[in-house]
Amino acid sequence: MGFAHWLRSNSEHYLAIDAQRRVGARYGARAPEKARGLREVFWRHIFTPAYRLLPWGIRRRVIAALPGSHRRDWPIRSARPRGPAV
Amino acid sequence: MRIAVIGGGAAGLGAAGAAKGVDPSAELVVYTADTDVAYSPCGIPYVHGKEIDSFDRLFLATKEQYVATGIDVHYETTVEAIDPKSRTLAVAGEGEASYDRLVIAAGWNYAKVDVDGADLDGIYEVKYIRAAMDWDKRLDSCKSAVIVEAGLVAMEMVAALLHRGIKVTVVDKAPWPMADVLDPDIVEPVRQAWEDAGVDMQWGNWVTAFKGDGTVTGAATEQGDIEADIVIIGTHKVPNNPLAAAAGLKLGTTGGLIVDSRMQTSDPNIYAAGDCTEIPHGVSNIPIQGLTGSHAYSQGKTAGTNAAGGTRHYRPVVVPWGLLAGEWMIGGVSYGETLATALGIKHLVGKAQGITRARYYPGVTPITVKLLAEPDSLRLIGAQMVGGEGIKERADFLAMGVRVGLTIEELATMENVYSPAIGALNEPISIAAQNLLAGL
């Protein structure tokens, strides 16, 4: 597993746990388990708050810079036509 | 031209068929480690649950039909290596095989449960049809089962096992079923139905070992031991890419093969399709992996068409999905609240509860629709739903809505079919959109 894969795998997992806590609280659902061990404490109490502090524009630029299919050629959505079709 | 395909699932067979359609003179060879091709693995839980009476019904075509169409399928044949420079494959039992174009459709595996006892007999990964036939006989004498993680297949297998009178325990570290994808309010009717059916749900718990001497007799968990005749793995999909990685093809952050809209990999002679690839998301542009069978088939057709010299483009995905979990259908498109919150995507939520037919018509069921919108433009960016029926059609419609950029105002004023037997006066999608606007 390369660094980018490792980073995504961990960040995705721990950001999801944080989101489960927030959304779960909104609907009275069960909360995720508390963080255990240094590894979980780092990702949940240091990485996650730091990620959430970043503006979306910066997050998007970081994500865009990582290797992936999004950096290859894909069709751009055409503008929606307006007015009657005929 | 010789086109080789690795993988005989929806993506692989879609690729082979499309390539043959573009260039009938092409030599098409499909290598699959499986005993069969052209069957629906997604139907396996429904045979286990006895909703479908035979595994035979899951086969879509016979082996003879592929021979007749000129597609040479090598069954139970493993490709051990790819050499992109010489354009050759090392095929177990056959030696070296050349190709002009290669399509990799190697699919996925369940994420490993890396604990002691993981190699015991009696641990079932629902995937291959011949194995499922054997497991089905075993389920006849099975009284209890542990499901490890409540992923998508697990959602269907809980219902299947309950139908067969098997006591079910679900062990998952997450706080509710499919918690990485599903919102808690949407999955709550399913969770409640499981509770009513006597399913032992151990959220916030995880397996530390599988117990048994040769054959599994249960699972050791963080919160104690559970006895079981069978263990079912319900973990998430991971792309099956050791072969591609060893060949030097580029992988993305998901572990999926990097492809462009022609499904071409980092090697111009090699295409890829299905669960071994990653595709950009149509809302966020973040590449994602582990989509549905219809995505795999469509990607396969794109890869096969281009491999054979044609031109076809795939598009970024917004992933309409749905499944049957007991009496409930759940589904959605793009982002739910949990995923949007995880990524930090700002969003507004509109929700409505409605009915699927006229309130007096037999068979009417409740349905809940939740819409997510981008706050500035009010463009639809996602939805989740739960109900007794009508989830698939709404998910497909909303997926097209996300793709073309429909706004909540447009959905709030949408027209809808009203006919007592098939649709209620008020469309819950429209009501959810109106509720979102009312909250601004």
# chains A, B, ... in the order shown; residues from 1 in each chain; ligands from 1
call {"tool": "closest_atom_pairs", "arguments": {"of": "chain B", "to": "chain A", "cutoff": "8 Å", "atoms": "only C-alpha atoms", "output": "JSON lines"}}
result
{"residue": "B:Lys173", "atom": "CA", "partner": "A:Glu33", "partner_atom": "CA", "distance": 7.6}
{"residue": "B:Ala174", "atom": "CA", "partner": "A:Pro32", "partner_atom": "CA", "distance": 6.1}
{"residue": "B:Pro175", "atom": "CA", "partner": "A:Pro32", "partner_atom": "CA", "distance": 5.2}
{"residue": "B:Trp176", "atom": "CA", "partner": "A:Arg30", "partner_atom": "CA", "distance": 7.4}
{"residue": "B:Ala179", "atom": "CA", "partner": "A:Gln20", "partner_atom": "CA", "distance": 7.1}
{"residue": "B:Asp180", "atom": "CA", "partner": "A:Ala16", "partner_atom": "CA", "distance": 6.1}
{"residue": "B:Asp183", "atom": "CA", "partner": "A:Val23", "partner_atom": "CA", "distance": 7.5}
{"residue": "B:Pro184", "atom": "CA", "partner": "A:Gly24", "partner_atom": "CA", "distance": 6.2}
{"residue": "B:Asp185", "atom": "CA", "partner": "A:Tyr27", "partner_atom": "CA", "distance": 6.3}
{"residue": "B:Gly204", "atom": "CA", "partner": "A:Glu33", "partner_atom": "CA", "distance": 5.8}
{"residue": "B:Leu251", "atom": "CA", "partner": "A:Gly68", "partner_atom": "CA", "distance": 7.0}
{"residue": "B:Gly252", "atom": "CA", "partner": "A:Gly68", "partner_atom": "CA", "distance": 4.2}
{"residue": "B:Thr253", "atom": "CA", "partner": "A:His5", "partner_atom": "CA", "distance": 4.1}
{"residue": "B:Thr254", "atom": "CA", "partner": "A:His5", "partner_atom": "CA", "distance": 6.0}
{"residue": "B:Gly255", "atom": "CA", "partner": "A:His5", "partner_atom": "CA", "distance": 6.4}
{"residue": "B:Leu257", "atom": "CA", "partner": "A:Ser69", "partner_atom": "CA", "distance": 7.8}
{"residue": "B:Ile258", "atom": "CA", "partner": "A:Ser69", "partner_atom": "CA", "distance": 4.6}
{"residue": "B:Val259", "atom": "CA", "partner": "A:Ser69", "partner_atom": "CA", "distance": 5.2}
{"residue": "B:Asp260", "atom": "CA", "partner": "A:Arg72", "partner_atom": "CA", "distance": 5.1}
{"residue": "B:Ser261", "atom": "CA", "partner": "A:Trp74", "partner_atom": "CA", "distance": 5.0}
{"residue": "B:Glu278", "atom": "CA", "partner": "A:Ser69", "partner_atom": "CA", "distance": 6.3}
{"residue": "B:Ile279", "atom": "CA", "partner": "A:Ser69", "partner_atom": "CA", "distance": 5.9}
{"residue": "B:Pro280", "atom": "CA", "partner": "A:His70", "partner_atom": "CA", "distance": 5.1}
{"residue": "B:Asn285", "atom": "CA", "partner": "A:His70", "partner_atom": "CA", "distance": 6.2}
{"residue": "B:Ile286", "atom": "CA", "partner": "A:His70", "partner_atom": "CA", "distance": 6.6}
{"residue": "B:Pro287", "atom": "CA", "partner": "A:His70", "partner_atom": "CA", "distance": 5.9}
{"residue": "B:His313", "atom": "CA", "partner": "A:Pro75", "partner_atom": "CA", "distance": 7.8}
{"residue": "B:Tyr314", "atom": "CA", "partner": "A:Trp74", "partner_atom": "CA", "distance": 7.9}
{"residue": "B:Arg315", "atom": "CA", "partner": "A:Pro75", "partner_atom": "CA", "distance": 6.5}
{"residue": "B:Pro316", "atom": "CA", "partner": "A:Trp74", "partner_atom": "CA", "distance": 7.3}
{"residue": "B:Glu337", "atom": "CA", "partner": "A:Val23", "partner_atom": "CA", "distance": 7.0}
{"residue": "B:Thr338", "atom": "CA", "partner": "A:Ala19", "partner_atom": "CA", "distance": 5.5}
{"residue": "B:Leu339", "atom": "CA", "partner": "A:Ala16", "partner_atom": "CA", "distance": 6.9}
{"residue": "B:Thr341", "atom": "CA", "partner": "A:Ala19", "partner_atom": "CA", "distance": 5.4}
{"residue": "B:Ala342", "atom": "CA", "partner": "A:Ala19", "partner_atom": "CA", "distance": 4.8}
{"residue": "B:Leu343", "atom": "CA", "partner": "A:Leu15", "partner_atom": "CA", "distance": 7.1}
{"residue": "B:Gly344", "atom": "CA", "partner": "A:Arg52", "partner_atom": "CA", "distance": 6.5}
{"residue": "B:Ile345", "atom": "CA", "partner": "A:Trp56", "partner_atom": "CA", "distance": 7.2}
{"residue": "B:Val404", "atom": "CA", "partner": "A:Arg80", "partner_atom": "CA", "distance": 7.1}
call {"tool": "select_by_dssp", "arguments": {"residues": "chain A", "states": "alpha helix (DSSP H)", "output": "ChimeraX atom specification"}}
result
/A:3-26,37-42,48-53,56-65
call {"tool": "write_last_selection", "arguments": {"atoms": "C-alpha atoms", "output": "mmCIF file, in the first residue's frame"}}
result
data_model
loop_
_atom_site.group_PDB
_atom_site.id
_atom_site.type_symbol
_atom_site.label_atom_id
_atom_site.label_comp_id
_atom_site.auth_asym_id
_atom_site.auth_seq_id
_atom_site.Cartn_x
_atom_site.Cartn_y
_atom_site.Cartn_z
ATOM 1 C CA PHE A 3 1.389 6.484 1.005
ATOM 2 C CA ALA A 4 -1.578 7.991 -0.856
ATOM 3 C CA HIS A 5 -3.604 4.786 -0.470
ATOM 4 C CA TRP A 6 -2.686 4.577 3.223
ATOM 5 C CA LEU A 7 -3.622 8.239 3.766
ATOM 6 C CA ARG A 8 -6.964 7.882 2.057
ATOM 7 C CA SER A 9 -7.812 4.595 3.731
ATOM 8 C CA ASN A 10 -7.185 5.990 7.205
ATOM 9 C CA SER A 11 -8.634 9.455 6.673
ATOM 10 C CA GLU A 12 -11.789 8.015 5.087
ATOM 11 C CA HIS A 13 -12.286 5.623 7.994
ATOM 12 C CA TYR A 14 -11.770 8.126 10.778
ATOM 13 C CA LEU A 15 -13.639 10.979 9.090
ATOM 14 C CA ALA A 16 -16.551 8.555 8.736
ATOM 15 C CA ILE A 17 -16.463 7.800 12.465
ATOM 16 C CA ASP A 18 -16.528 11.534 13.219
ATOM 17 C CA ALA A 19 -19.451 11.978 10.837
ATOM 18 C CA GLN A 20 -21.301 9.054 12.430
ATOM 19 C CA ARG A 21 -20.950 10.798 15.789
ATOM 20 C CA ARG A 22 -22.280 14.094 14.451
ATOM 21 C CA VAL A 23 -25.121 12.717 12.304
ATOM 22 C CA GLY A 24 -25.992 10.054 14.864
ATOM 23 C CA ALA A 25 -26.413 12.715 17.553
ATOM 24 C CA ARG A 26 -28.776 14.606 15.233
ATOM 25 C CA GLY A 37 -4.840 3.652 21.642
ATOM 26 C CA LEU A 38 -2.496 6.280 20.264
ATOM 27 C CA ARG A 39 -3.272 5.536 16.630
ATOM 28 C CA GLU A 40 -7.000 6.132 17.029
ATOM 29 C CA VAL A 41 -6.430 9.168 19.240
ATOM 30 C CA PHE A 42 -4.223 10.722 16.550
ATOM 31 C CA THR A 48 -10.014 14.945 11.972
ATOM 32 C CA PRO A 49 -10.327 18.374 13.647
ATOM 33 C CA ALA A 50 -7.435 19.642 11.503
ATOM 34 C CA TYR A 51 -9.178 18.403 8.333
ATOM 35 C CA ARG A 52 -12.418 20.060 9.368
ATOM 36 C CA LEU A 53 -10.654 23.383 9.905
ATOM 37 C CA TRP A 56 -13.313 23.147 1.214
ATOM 38 C CA GLY A 57 -11.277 24.805 -1.538
ATOM 39 C CA ILE A 58 -7.996 23.708 0.061
ATOM 40 C CA ARG A 59 -9.311 20.228 0.800
ATOM 41 C CA ARG A 60 -10.370 19.918 -2.823
ATOM 42 C CA ARG A 61 -6.954 21.004 -4.065
ATOM 43 C CA VAL A 62 -5.224 18.437 -1.827
ATOM 44 C CA ILE A 63 -7.572 15.672 -2.951
ATOM 45 C CA ALA A 64 -7.131 16.719 -6.583
ATOM 46 C CA ALA A 65 -3.358 16.529 -6.225
#
call {"tool": "select_by_dssp", "arguments": {"residues": "region 333-420 of chain B", "states": "strand (DSSP E)", "output": "NGL selection string"}}
result
:B and (333-334 or 348-355 or 366-373 or 380-387)
call {"tool": "write_last_selection", "arguments": {"atoms": "N, CA and C atoms", "output": "PDB file, in the first residue's frame"}}
result
ATOM      1  N   VAL B 333     -28.598   7.920  -3.797  1.00  0.00           N
ATOM      2  CA  VAL B 333     -27.745   8.361  -4.897  1.00  0.00           C
ATOM      3  C   VAL B 333     -26.725   9.357  -4.337  1.00  0.00           C
ATOM      4  N   SER B 334     -25.525   9.274  -4.850  1.00  0.00           N
ATOM      5  CA  SER B 334     -24.477  10.216  -4.482  1.00  0.00           C
ATOM      6  C   SER B 334     -24.294  10.250  -2.966  1.00  0.00           C
ATOM      7  N   LEU B 348     -27.593  21.271   2.616  1.00  0.00           N
ATOM      8  CA  LEU B 348     -28.899  21.452   3.251  1.00  0.00           C
ATOM      9  C   LEU B 348     -29.675  20.151   3.102  1.00  0.00           C
ATOM     10  N   VAL B 349     -30.571  19.903   4.041  1.00  0.00           N
ATOM     11  CA  VAL B 349     -31.335  18.653   4.025  1.00  0.00           C
ATOM     12  C   VAL B 349     -32.831  18.946   3.990  1.00  0.00           C
ATOM     13  N   GLY B 350     -33.545  18.254   3.138  1.00  0.00           N
ATOM     14  CA  GLY B 350     -35.009  18.275   3.119  1.00  0.00           C
ATOM     15  C   GLY B 350     -35.515  16.847   3.179  1.00  0.00           C
ATOM     16  N   LYS B 351     -36.504  16.612   4.012  1.00  0.00           N
ATOM     17  CA  LYS B 351     -36.948  15.235   4.229  1.00  0.00           C
ATOM     18  C   LYS B 351     -38.471  15.190   4.223  1.00  0.00           C
ATOM     19  N   ALA B 352     -39.036  14.111   3.741  1.00  0.00           N
ATOM     20  CA  ALA B 352     -40.496  13.949   3.752  1.00  0.00           C
ATOM     21  C   ALA B 352     -40.853  12.483   3.896  1.00  0.00           C
ATOM     22  N   GLN B 353     -41.966  12.250   4.580  1.00  0.00           N
ATOM     23  CA  GLN B 353     -42.519  10.901   4.643  1.00  0.00           C
ATOM     24  C   GLN B 353     -43.790  10.885   3.805  1.00  0.00           C
ATOM     25  N   GLY B 354     -43.918   9.918   2.953  1.00  0.00           N
ATOM     26  CA  GLY B 354     -45.090   9.834   2.097  1.00  0.00           C
ATOM     27  C   GLY B 354     -45.538   8.399   1.946  1.00  0.00           C
ATOM     28  N   ILE B 355     -46.331   8.168   0.919  1.00  0.00           N
ATOM     29  CA  ILE B 355     -46.820   6.827   0.632  1.00  0.00           C
ATOM     30  C   ILE B 355     -46.602   6.518  -0.847  1.00  0.00           C
ATOM     31  N   PRO B 366     -45.334   2.949   3.351  1.00  0.00           N
ATOM     32  CA  PRO B 366     -44.706   4.239   3.631  1.00  0.00           C
ATOM     33  C   PRO B 366     -43.372   4.365   2.900  1.00  0.00           C
ATOM     34  N   ILE B 367     -42.971   5.590   2.674  1.00  0.00           N
ATOM     35  CA  ILE B 367     -41.654   5.852   2.074  1.00  0.00           C
ATOM     36  C   ILE B 367     -41.117   7.151   2.649  1.00  0.00           C
ATOM     37  N   THR B 368     -39.836   7.158   2.951  1.00  0.00           N
ATOM     38  CA  THR B 368     -39.162   8.365   3.429  1.00  0.00           C
ATOM     39  C   THR B 368     -38.110   8.769   2.403  1.00  0.00           C
ATOM     40  N   VAL B 369     -38.142  10.031   2.034  1.00  0.00           N
ATOM     41  CA  VAL B 369     -37.165  10.562   1.070  1.00  0.00           C
ATOM     42  C   VAL B 369     -36.405  11.708   1.731  1.00  0.00           C
ATOM     43  N   LYS B 370     -35.098  11.634   1.621  1.00  0.00           N
ATOM     44  CA  LYS B 370     -34.244  12.715   2.137  1.00  0.00           C
ATOM     45  C   LYS B 370     -33.382  13.240   0.992  1.00  0.00           C
ATOM     46  N   LEU B 371     -33.413  14.535   0.778  1.00  0.00           N
ATOM     47  CA  LEU B 371     -32.620  15.162  -0.288  1.00  0.00           C
ATOM     48  C   LEU B 371     -31.524  16.024   0.318  1.00  0.00           C
ATOM     49  N   LEU B 372     -30.378  16.053  -0.333  1.00  0.00           N
ATOM     50  CA  LEU B 372     -29.287  16.939   0.063  1.00  0.00           C
ATOM     51  C   LEU B 372     -29.031  17.927  -1.072  1.00  0.00           C
ATOM     52  N   ALA B 373     -28.836  19.204  -0.702  1.00  0.00           N
ATOM     53  CA  ALA B 373     -28.590  20.227  -1.717  1.00  0.00           C
ATOM     54  C   ALA B 373     -27.395  21.083  -1.337  1.00  0.00           C
ATOM     55  N   LEU B 380     -29.192  19.724  -6.390  1.00  0.00           N
ATOM     56  CA  LEU B 380     -29.295  18.416  -5.745  1.00  0.00           C
ATOM     57  C   LEU B 380     -27.921  17.743  -5.759  1.00  0.00           C
ATOM     58  N   ILE B 381     -27.446  17.301  -4.591  1.00  0.00           N
ATOM     59  CA  ILE B 381     -26.147  16.609  -4.550  1.00  0.00           C
ATOM     60  C   ILE B 381     -26.243  15.201  -3.961  1.00  0.00           C
ATOM     61  N   GLY B 382     -27.443  14.818  -3.511  1.00  0.00           N
ATOM     62  CA  GLY B 382     -27.559  13.456  -2.997  1.00  0.00           C
ATOM     63  C   GLY B 382     -28.939  13.187  -2.444  1.00  0.00           C
ATOM     64  N   ALA B 383     -29.200  11.921  -2.160  1.00  0.00           N
ATOM     65  CA  ALA B 383     -30.496  11.525  -1.600  1.00  0.00           C
ATOM     66  C   ALA B 383     -30.378  10.151  -0.969  1.00  0.00           C
ATOM     67  N   GLN B 384     -31.205   9.908   0.036  1.00  0.00           N
ATOM     68  CA  GLN B 384     -31.356   8.565   0.588  1.00  0.00           C
ATOM     69  C   GLN B 384     -32.832   8.315   0.847  1.00  0.00           C
ATOM     70  N   MET B 385     -33.226   7.045   0.735  1.00  0.00           N
ATOM     71  CA  MET B 385     -34.644   6.701   0.852  1.00  0.00           C
ATOM     72  C   MET B 385     -34.816   5.352   1.528  1.00  0.00           C
ATOM     73  N   VAL B 386     -35.947   5.184   2.185  1.00  0.00           N
ATOM     74  CA  VAL B 386     -36.344   3.883   2.713  1.00  0.00           C
ATOM     75  C   VAL B 386     -37.849   3.762   2.544  1.00  0.00           C
ATOM     76  N   GLY B 387     -38.313   2.595   2.138  1.00  0.00           N
ATOM     77  CA  GLY B 387     -39.745   2.408   1.946  1.00  0.00           C
ATOM     78  C   GLY B 387     -40.065   0.971   1.608  1.00  0.00           C
TER      79      GLY B 387
END
call {"tool": "closest_residue", "arguments": {"among": "B:Ala150, B:Ile408, B:Met1, B:Gly326", "to": "Val22 (chain B)", "atoms": "only C-alpha atoms"}}
result
B:Met1
call {"tool": "atom_distance", "arguments": {"atom1": "CA of Cys276 (chain B)", "atom2": "CA of Ile6 (chain B)"}}
result
11.0 Å
call {"tool": "residues_around", "arguments": {"residues": "Tyr46 (chain B)", "least_positions_apart": "2", "cutoff": "12 Å", "atoms": "only C-alpha atoms", "output": "CSV table (one decimal) with C-alpha atoms, in the first residue's frame"}}
result
chain,number,residue,atom,x,y,z
B,40,SER,CA,-25.7,-13.1,-11.2
B,41,PRO,CA,-23.8,-13.3,-7.9
B,42,CYS,CA,-26.0,-10.6,-6.6
B,43,GLY,CA,-28.9,-13.1,-6.7
B,44,ILE,CA,-27.2,-15.6,-4.4
B,48,HIS,CA,-30.3,-18.8,0.2
B,49,GLY,CA,-33.4,-17.0,1.5
B,50,LYS,CA,-35.7,-19.2,-0.8
B,51,GLU,CA,-37.2,-16.2,-2.6
B,52,ILE,CA,-35.7,-17.7,-5.7
B,53,ASP,CA,-36.1,-21.5,-5.9
B,54,SER,CA,-33.0,-22.5,-7.7
B,55,PHE,CA,-29.4,-21.3,-8.4
B,57,ARG,CA,-32.2,-19.2,-12.4
B,58,LEU,CA,-29.2,-17.0,-11.8
B,126,VAL,CA,-20.8,-15.0,-0.5
B,132,ALA,CA,-22.9,-21.0,-2.8
B,136,ASP,CA,-26.8,-23.7,0.7
B,153,VAL,CA,-24.2,-8.4,1.3
B,155,MET,CA,-27.9,-6.7,4.8
B,156,GLU,CA,-29.3,-9.2,2.3
B,157,MET,CA,-28.0,-12.3,4.1
B,158,VAL,CA,-29.6,-11.3,7.4
B,159,ALA,CA,-33.0,-11.5,5.7
B,160,ALA,CA,-32.0,-14.8,4.0
B,161,LEU,CA,-30.9,-16.5,7.2
B,162,LEU,CA,-34.0,-15.3,9.1
B,163,HIS,CA,-36.2,-16.8,6.3
B,164,ARG,CA,-34.5,-20.1,7.0
B,323,LEU,CA,-31.3,-3.1,-2.0
B,324,LEU,CA,-33.9,-5.2,-0.3
B,325,ALA,CA,-33.4,-5.7,3.5
B,326,GLY,CA,-36.2,-7.9,4.6
call {"tool": "closest_residue", "arguments": {"among": "B:Gln65, B:Gln223, B:Asn241, B:Thr88", "to": "Val171 (chain B)", "atoms": "only C-alpha atoms"}}
result
B:Gln223
call {"tool": "closest_residue", "arguments": {"among": "B:Val103, B:Leu411, B:Thr215, B:Ala244", "to": "Arg262 (chain B)", "atoms": "only C-alpha atoms"}}
result
B:Val103
call {"tool": "residues_around", "arguments": {"residues": "Ser25 (chain B)", "least_positions_apart": "6", "cutoff": "10 Å", "atoms": "only C-alpha atoms", "output": "compact mmCIF listing (two decimals) with N, CA and C atoms, in the first residue's frame"}}
result
# COMPACT_ATOMS: atom_id res chain seq x y z
N MET B 1 -6.75 -9.29 -34.65
CA MET B 1 -6.41 -8.75 -33.33
C MET B 1 -6.78 -9.75 -32.23
N ARG B 2 -5.90 -9.94 -31.28
CA ARG B 2 -6.19 -10.85 -30.16
C ARG B 2 -6.45 -10.01 -28.90
N ALA B 19 -16.45 -6.00 -27.47
CA ALA B 19 -15.30 -6.08 -28.38
C ALA B 19 -15.66 -6.90 -29.62
N GLY B 70 -18.25 -16.95 -30.44
CA GLY B 70 -16.82 -16.79 -30.74
C GLY B 70 -16.00 -16.26 -29.59
N ALA B 308 -11.28 -2.85 -28.87
CA ALA B 308 -11.43 -3.42 -30.22
C ALA B 308 -11.32 -2.36 -31.31
call {"tool": "residues_around", "arguments": {"residues": "region 89-102 of chain B", "least_positions_apart": "6", "cutoff": "10 Å", "atoms": "only C-alpha atoms", "output": "PyMOL selection string"}}
result
chain B and resi 1-6+27-31+76-83+264+267-272+303-304+306-309
